[in-house]
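Student: Next up is a structure, given as structure tokens.
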Amino acid sequence: MAVLVSKKVTKRFGGLEALAKIDLEVKEQAIHSIIGPNGAGKTTFFNCVTGFYTSEEGEIFLGDRNITGLSPDRVTRLGISRTYQNIRLFKNMTAVENILVGMHPHLKSGLFGGILHDPRTMREESEAVAEAMRLLQFVGLKGKGDLMAKNLPYGQQRRLEIARALASKPTMLLLDEPTAGMNPSETQEMVYFIRQLRDELGITILLIEHQMRVVMSISELVSVLDFGQKIAEGTPAEIQKNSRVIEAYLGRGAASGLGENIPVAA
Amino acid sequence: MLRTWRQRITFSDVVVWAIGLAIAFMVVYGTIATLRLGKYSPETWLDLVITGLALGGIYALIALGYTLVYGILRMINFAHSEVFMSGPFTAAFLADALVKTGIWDRYPLFSLALVLLLAAVVSATIAFLLERIAYRPLRTAPRLVPLITAIGASFFLQYAFRGLYGSGLKGFPTLDVLEGYWSLGTIQVLKTQVVVIFGALAMMLILFGIVQYTKFGKAMRSVSEDKETAALMGIDVDRTISVTFIMGGVSAGVAGILYVILFPVAHFFMGFIPGIKAFTAAVLGGIGNVPGAFMGGLLLGVLESVGPSLFLDGMGIPAPYQLKDVIAFVILVFILIFRPSGILGERMAQAKA
Amino acid sequence: MKKDTSAVWKQAIRTGLIGGSIVLLLALVGIIGTFKGRDIISGWISMGQILFLAPIFLFAYNAARRAEAPSKVGTILVGAISGLMSTSIAAILYLLGQIINLRAMFANASPDLYTMLTFGQGPLLGVIILLLAGVLIGAAGAGVLLLPSRIRKALSQAAIWAILLGLLRELLMVVISRWGVVAYLIRWIFAQNGLAPHGAIVVFLIIGAATYWSAGRKRVAINNLPPQQKKKRLVITLVVSGVVLLVLPLVLGIFFSEILDTVGLYILMGLGLNIVVGFAGLLDLGYVAFYAIGAYTVGVLTSPELGLFHLNYWQAMPFAVVVAVLAGVILGLPVLKMRGDYLAIVTLGFGEIIRILALSDWLKPWLGGSQGIQQIAHPWLWGLELKNQTQLYYMILVGIAIAGFIAWRLKDSRLGRSWMAVREDEDVAQAMGINLVATKLLAFAAGAFFAGLSGTIFATKLTAAYPHSFSLFVSINALSLIIIGGMGSIPGVVVGSLVLMGSPELLREFAEYRYLVYGALLVVMMLIKPEGLWPEARRRLELHEAEELAPGTAAQPAPNNAGQ
């Protein structure tokens, strides 16, 4: 059962074709990685899926629903959440507030509820705060709720961003380079954590990654993009040996660890 | 594409388009009505067009400052209107001194050159100081901060000059040489207008040349494109930005003198309205685009000059010239809503995720 | 790390020159001259002189602080050099002024100014004394750096209070004239013009001692108190402020009521603009449009002059506010997709369009043209016509209470968070499921609501609506006060309004230079303290934190926005 299907998705910027007829299928509850050299179009693809960009050609389906061209807020309400390559938290808001914003689609109080503090609004708010606290704990940020997002150290900011993405109760999570800037032990924690997301919460994960160890150790399926085209797709073991993939990377020299014999998760 | 189009159109888009079309319709209706009525003779129209071109040339020169700074820093230099004001306001005193010593009347060209020079220098200095003191420290700050600083700087400069030179209107002496009309066949044009038009054109050519063909110009354009890469190429980014401001200042100073040739009065508030109009012109032509700024300026000048008579009068509005400024503002709003990249501009892609 | 000595001297010289340039600017712009007549300490020193000497002092202090000279003598020397540089600029101005007639260009380069610069002595002696003064003041500025911080705090507080009292002498006289015995005592410290010398000394000693003592005590940070005590304090503060506010106009008299009205109206407007700019990050420079619409609608609906409608104030007011809100939505629609700079300029354009239309002959039959609408009715409440400043003050107070309450409640609500998310990162906010159109329009509507309300009160207070009252300056005033007070902070709006709207009313001389100071303050604030005078504080979650934390986990308090 496929959760996300993209059919011949094409995105152009002026004369540049950033994505060329991308066909991709993400299976339900899979951990699926997209890799490729810098500028291959990975983040552009994410942007098309989430509605930031409107593709020129092609269609995107979530389950059996056509989500091509929907605005980002609608896409989120349908159950897709994402994190960003260069962390985009709400810097001048606290950690809890960031998460509460993430819960936006599930809360209902509006202008009058906010002013009047009627019982239903108050109940909703306190439940939301409790849930936010639980999420904080889940990502390992217990007790840090009142800290400003900008004051958190880098690793914690990444985790907060994931907590915020989880707040909207997504069925599918798009993670854009979640281990960027992390040292090996942090990376290992993140890998474990991503697996936990899928195993415990049943979320389908689509992941952009540069670190080959990460990709190889948790992905079930790997799609490789280069210059906007999908040049290979398969299990990590298959991709590792694929000559086109190796050429794409070595020719452009962006990834680390490719070509070595990296043990693949069973 | 149609289906995605349908999905992305919101109610607000519909309302905005409806209002826009309504206004466009009224303008066309007014134009047709006026032309039908035949109230104005061809000479009047020509007169209005020439006035428009003269004003437009001035707007074009000021617009250059806005467009260059936006291109290089992605911010609107709100205080540019005061950069414009500072030149002629200061030069007015020099002009006074020249009149007193009789040089003004005996050597008009020399006096004019002197006055132009002083205005350009003063405006350039103000622009340079502005960038160094108020903008440079805030280059990495969130967007709202430099914007507010610019607004603050604008008011500060206005009132500082008011304090320095006085709050009254400072008359700028006229040149006898430029009094009266030149005849071109059956047409009569004010000498001052001709001088302004040609002066503006000359300045535009010079500045365009600098931006396109000199090393400085290339540096400016590359810093506009990508600051970091330009720095990696060995370009001194700070100095390039300073030079950009200086160029905008020189252009504005010259524009200022041309302005007081047409309207021989200087005062501390004189920059405000021309400033906004020049910004409109810059956006109209395509912000970040030098020929665009020039084109936008001329176009705006003509529209503004011809507009009240052409479309407002036809709609039956009494005293249409009172709404002259409204035309410029409406153009501004229209352009920013319907075509923010302007006529000649490329879409400045806003960086998303 | 020891700084290279020549770099230190260069730094000191540079700082001194900058300080001197500021003095030059203050002199030529006329601020020093204007304040010359106002004595702070009668017979000793005038405000003008303080404005002349203070920058020299402060910059010398700054130079010394940055120099980090190893020895005391070194520090003093740095200060002295800075001071010397500052006064040398003044000296050059003076000498230049003797040779050429600067007055033809700079109206304020007057003989009076020159006299002040040279301390009343002739040219040669004057310049020498001037330079010497620079050295001494500079040294003093640096010397202050060497004092223990408690003494420094005491001195600065004492100086500030002395200056304030000297400046506000007349107003204090007016206020306390009704206070009988107390008046007598207070009057003793003043002279005809400013503080009397003995009064100054007394004030200095009292304030200085008080500050010294209080700086020595350990203070518990408010935020670290347990929730119960914090709540108690909050309630007490609110009750006391409430009482003070209610009694204020009666205590201060009519003259002050007028000032309070103006400040109050701006607080009301500021609360609205604070939502648009501070919460949602939408820089609206055309805010005055809604103010005008509120006022004009009331005018059109109530004034017999136009003869169109004959409603009374209370009937017209809701209409006016609704119209303002509608205008907020309509003017907000086109700008939804614009960011930052463009949004600002377009809203500025809108504000100007509305003003020009209100002024035009075309709309004269409805809006009164350049004469505006007059004979707007006063509101009648329980048989009493609310027409003087004090009565209207209470009306404004009610308005502020409502607005403040709404703003306070919204800030911590889902809507408030949506606004702040939009402010922080619009694209990501949308990705969180926030409907940008609705959220932004709600912000504009809320802002317009308060501005419109404020406009109706303004119209009825003036019993007229003139197009000249609705210029860009109103928007700039409102913007300045919320930025300087603290963007997004509700107490900041009050502080900003008191400081920025109150000062020109209280100090007539200042009114001339109002926008100069606003502009300078905006720039300086953005450079040094962009979060404003009373920054937006993030509230602590008292409720759940105690529950959620396991024993032994240290609770880390939210840092109060110390610098962006």
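In the structure tokens, chains take the letters A, B, ... in the order shown, each chain's residues start at 1, and ligands count up from 1 in the order shown.
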Taking 3 positions as the minimum chain separation for residues in the same chain, which residues sit within 8 Å of Thr51 (chain B) when counting only C-alpha atoms? Answer as JSON, numbers by chain.

Tutor: {"B": [47, 48, 54, 55, 193, 301, 302, 305]}

Student: Compute the set of chain C residues within 8 Å of chain B, using only C-alpha atoms, and express it as a compact mmCIF listing (two decimals) with C-alpha atoms, in the first residue's frame.

Tutor:
```txt
# COMPACT_ATOMS: atom_id res chain seq x y z
CA LEU C 28 23.45 73.52 14.83
CA VAL C 29 20.05 71.90 14.85
CA GLY C 30 19.19 74.25 17.64
CA ALA C 104 23.40 82.71 6.72
CA MET C 105 23.14 78.97 6.36
CA PHE C 106 22.80 77.61 9.84
CA ALA C 107 20.21 79.69 11.57
CA ASN C 108 21.28 78.43 14.94
CA GLY C 281 4.84 41.23 12.23
CA LEU C 283 4.46 46.58 9.27
CA LEU C 333 -6.77 41.86 1.25
CA PRO C 334 -4.44 43.24 -1.39
CA VAL C 335 -1.39 43.13 0.81
CA LYS C 337 1.06 38.25 -0.22
CA MET C 338 3.48 41.10 0.38
CA GLY C 340 8.20 43.44 4.90
CA ASP C 341 9.29 46.47 2.96
CA TYR C 342 6.65 46.26 0.27
CA VAL C 346 1.84 49.96 0.24
CA GLY C 349 0.23 54.55 0.22
CA PHE C 350 -3.19 53.53 1.43
CA GLU C 352 -2.05 58.73 2.10
CA ILE C 353 -4.79 57.88 -0.40
CA ILE C 356 -5.99 62.90 0.11
CA LEU C 357 -9.49 61.67 -0.56
CA SER C 360 -10.43 66.49 -1.79
CA ASP C 361 -13.17 68.61 -3.23
CA TRP C 362 -14.58 65.59 -4.94
CA ASP C 427 6.13 29.99 5.20
CA VAL C 437 -5.26 34.79 4.80
CA TYR C 513 12.36 68.44 17.82
CA TYR C 515 10.39 63.73 15.20
CA LEU C 516 14.10 64.29 15.25
CA VAL C 517 14.22 62.56 18.58
CA TYR C 518 11.80 59.84 17.52
CA GLY C 519 13.85 59.12 14.46
CA ALA C 520 17.08 59.08 16.41
CA LEU C 521 15.55 56.89 19.10
CA LEU C 522 14.26 54.41 16.55
CA VAL C 523 17.67 54.09 14.96
CA MET C 526 17.35 49.15 16.71
CA LEU C 527 21.10 49.29 16.99
CA PRO C 530 15.77 46.15 19.40
```

Student: Rounded to one decimal, what separation in Å do you get between CA of Ile483 (chain C) and CA of Leu336 (chain C)?

Tutor: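 Interatomic distance, CA of Ile483 (chain C) to CA of Leu336 (chain C): 22.3 Å.
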
Student: Interatomic distance between CA of Leu245 (chain C) and CA of Tyr394 (chain C)?

Tutor: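 Answer for the CA of Leu245 (chain C) to CA of Tyr394 (chain C) separation: 9.3 Å.
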
Student: Where does DSSP see alpha helix (DSSP H) in region 63-289 of chain B, if you list the residues as a ChimeraX atom specification?

Tutor: /B:63-73,80-100,103-106,108-129,144-165,191-213,215-225,227-232,237-262,272-285

Student: With a distance cut-off of 10 Å and only C-alpha atoms, select the neighbouring residues of region 24-31 of chain A, excluding the residue or stretch itself and same-chain residues fewer than 2 positions from it, and output the selection as number ranges by chain.

Tutor: A: 1-9, 21-22, 33-34, 60-63, 171-173, 194-195, 197-199, 201-207, 215, 218-223, 230, 233

Student: So that I can check the surroundings of Phe59 (chain C), please list as a ChimeraX atom specification every protein, DNA and RNA residue that reaches within 9 Å of it, counting only C-alpha atoms and ignoring chain neighbours fewer than 2 positions away.

Tutor: /C:15-16,18-20,54-57,61-64,79,82-83,86,138,141

Student: Keeping only C-alpha atoms, write the selected residues to a file as a PDB file, in the first residue's frame.

Tutor:
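File written: selection-v1.pdb
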```pdb
ATOM      1  CA  THR C  15      35.097  58.240  20.135  1.00  0.00           C
ATOM      2  CA  GLY C  16      35.826  61.791  21.106  1.00  0.00           C
ATOM      3  CA  ILE C  18      32.013  61.224  17.328  1.00  0.00           C
ATOM      4  CA  GLY C  19      30.911  62.766  20.602  1.00  0.00           C
ATOM      5  CA  GLY C  20      31.980  66.138  19.333  1.00  0.00           C
ATOM      6  CA  ALA C  54      26.661  65.453  28.548  1.00  0.00           C
ATOM      7  CA  PRO C  55      27.656  63.891  25.228  1.00  0.00           C
ATOM      8  CA  ILE C  56      31.265  64.764  25.910  1.00  0.00           C
ATOM      9  CA  PHE C  57      31.030  63.147  29.300  1.00  0.00           C
ATOM     10  CA  TYR C  61      33.032  57.259  29.618  1.00  0.00           C
ATOM     11  CA  ASN C  62      32.433  54.991  26.677  1.00  0.00           C
ATOM     12  CA  ALA C  63      35.940  55.476  25.348  1.00  0.00           C
ATOM     13  CA  ALA C  64      37.411  54.632  28.710  1.00  0.00           C
ATOM     14  CA  GLY C  79      38.823  59.912  28.877  1.00  0.00           C
ATOM     15  CA  SER C  82      38.250  61.817  24.174  1.00  0.00           C
ATOM     16  CA  GLY C  83      36.926  64.906  25.889  1.00  0.00           C
ATOM     17  CA  SER C  86      35.028  66.481  21.451  1.00  0.00           C
ATOM     18  CA  GLY C 138      36.487  63.706  29.729  1.00  0.00           C
ATOM     19  CA  GLY C 141      33.738  60.662  32.573  1.00  0.00           C
TER      20      GLY C 141
END
```

Student: Please list as a PyMOL selection string every residue within 7 Å of region 87-89 of chain B, counting only C-alpha atoms and excluding residues in the same chain fewer than 5 positions away.

Tutor: chain B and resi 119-120+122-123+253+256-257+266-267

Student: Counting only C-alpha atoms, what is within 12 Å of Leu308 (chain C), bar same-chain residues fewer than 2 positions away, as a short mmCIF file (atom, residue, chain, number, x, y, z; two decimals) with C-alpha atoms, in the first residue's frame?

Tutor:
```
data_model
loop_
_atom_site.label_atom_id
_atom_site.label_comp_id
_atom_site.auth_asym_id
_atom_site.auth_seq_id
_atom_site.Cartn_x
_atom_site.Cartn_y
_atom_site.Cartn_z
CA THR C 297 -17.78 57.87 10.27
CA VAL C 298 -18.84 59.27 13.61
CA GLY C 299 -18.72 62.68 12.03
CA VAL C 300 -20.83 61.73 9.07
CA LEU C 301 -23.36 59.96 11.25
CA THR C 302 -23.79 62.53 13.96
CA SER C 303 -23.02 65.94 12.62
CA PRO C 304 -25.96 68.19 11.77
CA GLU C 305 -23.64 70.14 9.50
CA LEU C 306 -23.75 67.61 6.73
CA HIS C 310 -28.75 62.37 13.00
CA LEU C 311 -27.50 59.69 15.28
CA PRO C 365 -20.28 66.80 0.14
CA TRP C 366 -19.73 63.74 2.25
CA LEU C 367 -16.49 64.35 4.05
CA GLY C 368 -16.28 68.08 4.34
CA ILE C 373 -16.71 67.83 9.62
#
```

Student: Please determine the contact residues of chain C with respect to chain A at a cut-off of 6 Å, counting only C-alpha atoms, and supply them as a PyMOL selection string.

Tutor: chain C and resi 406+409-410+413+424+430-434+558

Student: Output C-alpha atoms of each residue in that selection to a file, as a CSV table (one decimal), in the first residue's frame.

Tutor:
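As a result, part.csv now contains:
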```
chain,number,residue,atom,x,y,z
C,406,ILE,CA,-8.4,41.7,24.7
C,409,ARG,CA,-6.0,37.4,26.4
C,410,LEU,CA,-5.2,37.0,22.7
C,413,SER,CA,-4.2,32.0,22.8
C,424,GLU,CA,8.6,34.6,12.9
C,430,GLN,CA,1.6,28.0,6.8
C,431,ALA,CA,3.1,24.6,6.8
C,432,MET,CA,1.9,24.2,10.3
C,433,GLY,CA,-1.6,24.4,9.0
C,434,ILE,CA,-2.2,28.1,9.7
C,558,ALA,CA,12.9,31.5,30.8
```

Student: Can you check which residues of chain A have any atom within 9 Å of chain B? Use only C-alpha atoms and format it as a VMD selection string.

Tutor: chain A and resid 13 43 to 44 46 to 47 52 to 57 68 to 71 84 to 86 88

Student: Selection from above, N, CA and C atoms, as a short mmCIF file (atom, residue, chain, number, x, y, z; two decimals), in the first residue's frame, can you write it?

Tutor:
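Saved the output as again-v2.cif:
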```
data_model
loop_
_atom_site.label_atom_id
_atom_site.label_comp_id
_atom_site.auth_asym_id
_atom_site.auth_seq_id
_atom_site.Cartn_x
_atom_site.Cartn_y
_atom_site.Cartn_z
N PHE A 13 12.41 26.19 -12.84
CA PHE A 13 12.65 27.56 -12.44
C PHE A 13 13.24 28.29 -13.62
N THR A 43 15.36 18.66 -1.89
CA THR A 43 14.51 19.56 -1.13
C THR A 43 13.41 20.13 -2.01
N THR A 44 13.72 20.35 -3.28
CA THR A 44 12.69 20.80 -4.22
C THR A 44 11.55 19.81 -4.26
N PHE A 46 10.65 17.78 -1.86
CA PHE A 46 9.89 17.95 -0.62
C PHE A 46 8.94 19.13 -0.74
N ASN A 47 9.47 20.22 -1.29
CA ASN A 47 8.65 21.41 -1.42
C ASN A 47 7.45 21.19 -2.30
N PHE A 52 4.69 23.90 -1.11
CA PHE A 52 5.40 25.17 -1.22
C PHE A 52 5.54 25.57 -2.68
N TYR A 53 5.90 24.57 -3.46
CA TYR A 53 6.02 24.79 -4.89
C TYR A 53 4.86 24.09 -5.57
N THR A 54 4.45 24.65 -6.70
CA THR A 54 3.48 23.94 -7.52
C THR A 54 4.24 23.38 -8.70
N SER A 55 4.12 22.07 -8.88
CA SER A 55 4.88 21.47 -9.98
C SER A 55 4.27 21.88 -11.31
N GLU A 56 5.10 21.96 -12.31
CA GLU A 56 4.62 22.31 -13.63
C GLU A 56 3.87 21.16 -14.28
N GLU A 57 4.42 19.99 -14.08
CA GLU A 57 3.76 18.79 -14.62
C GLU A 57 3.74 17.73 -13.55
N THR A 68 -1.87 17.38 -5.53
CA THR A 68 -1.05 18.26 -6.35
C THR A 68 -1.54 19.70 -6.24
N GLY A 69 -0.65 20.60 -5.95
CA GLY A 69 -1.01 22.00 -5.98
C GLY A 69 -1.81 22.50 -4.80
N LEU A 70 -2.05 21.67 -3.83
CA LEU A 70 -2.75 22.17 -2.65
C LEU A 70 -1.82 23.08 -1.86
N SER A 71 -2.41 24.05 -1.15
CA SER A 71 -1.56 24.95 -0.39
C SER A 71 -1.01 24.21 0.84
N TYR A 84 13.05 20.91 8.37
CA TYR A 84 13.78 21.65 7.35
C TYR A 84 15.28 21.45 7.44
N GLN A 85 15.91 21.63 6.33
CA GLN A 85 17.35 21.43 6.23
C GLN A 85 18.10 22.34 7.19
N ASN A 86 17.79 23.63 7.14
CA ASN A 86 18.41 24.56 8.08
C ASN A 86 17.35 24.99 9.06
N ARG A 88 14.13 25.54 10.93
CA ARG A 88 13.29 26.73 10.92
C ARG A 88 12.27 26.68 12.05
#
```
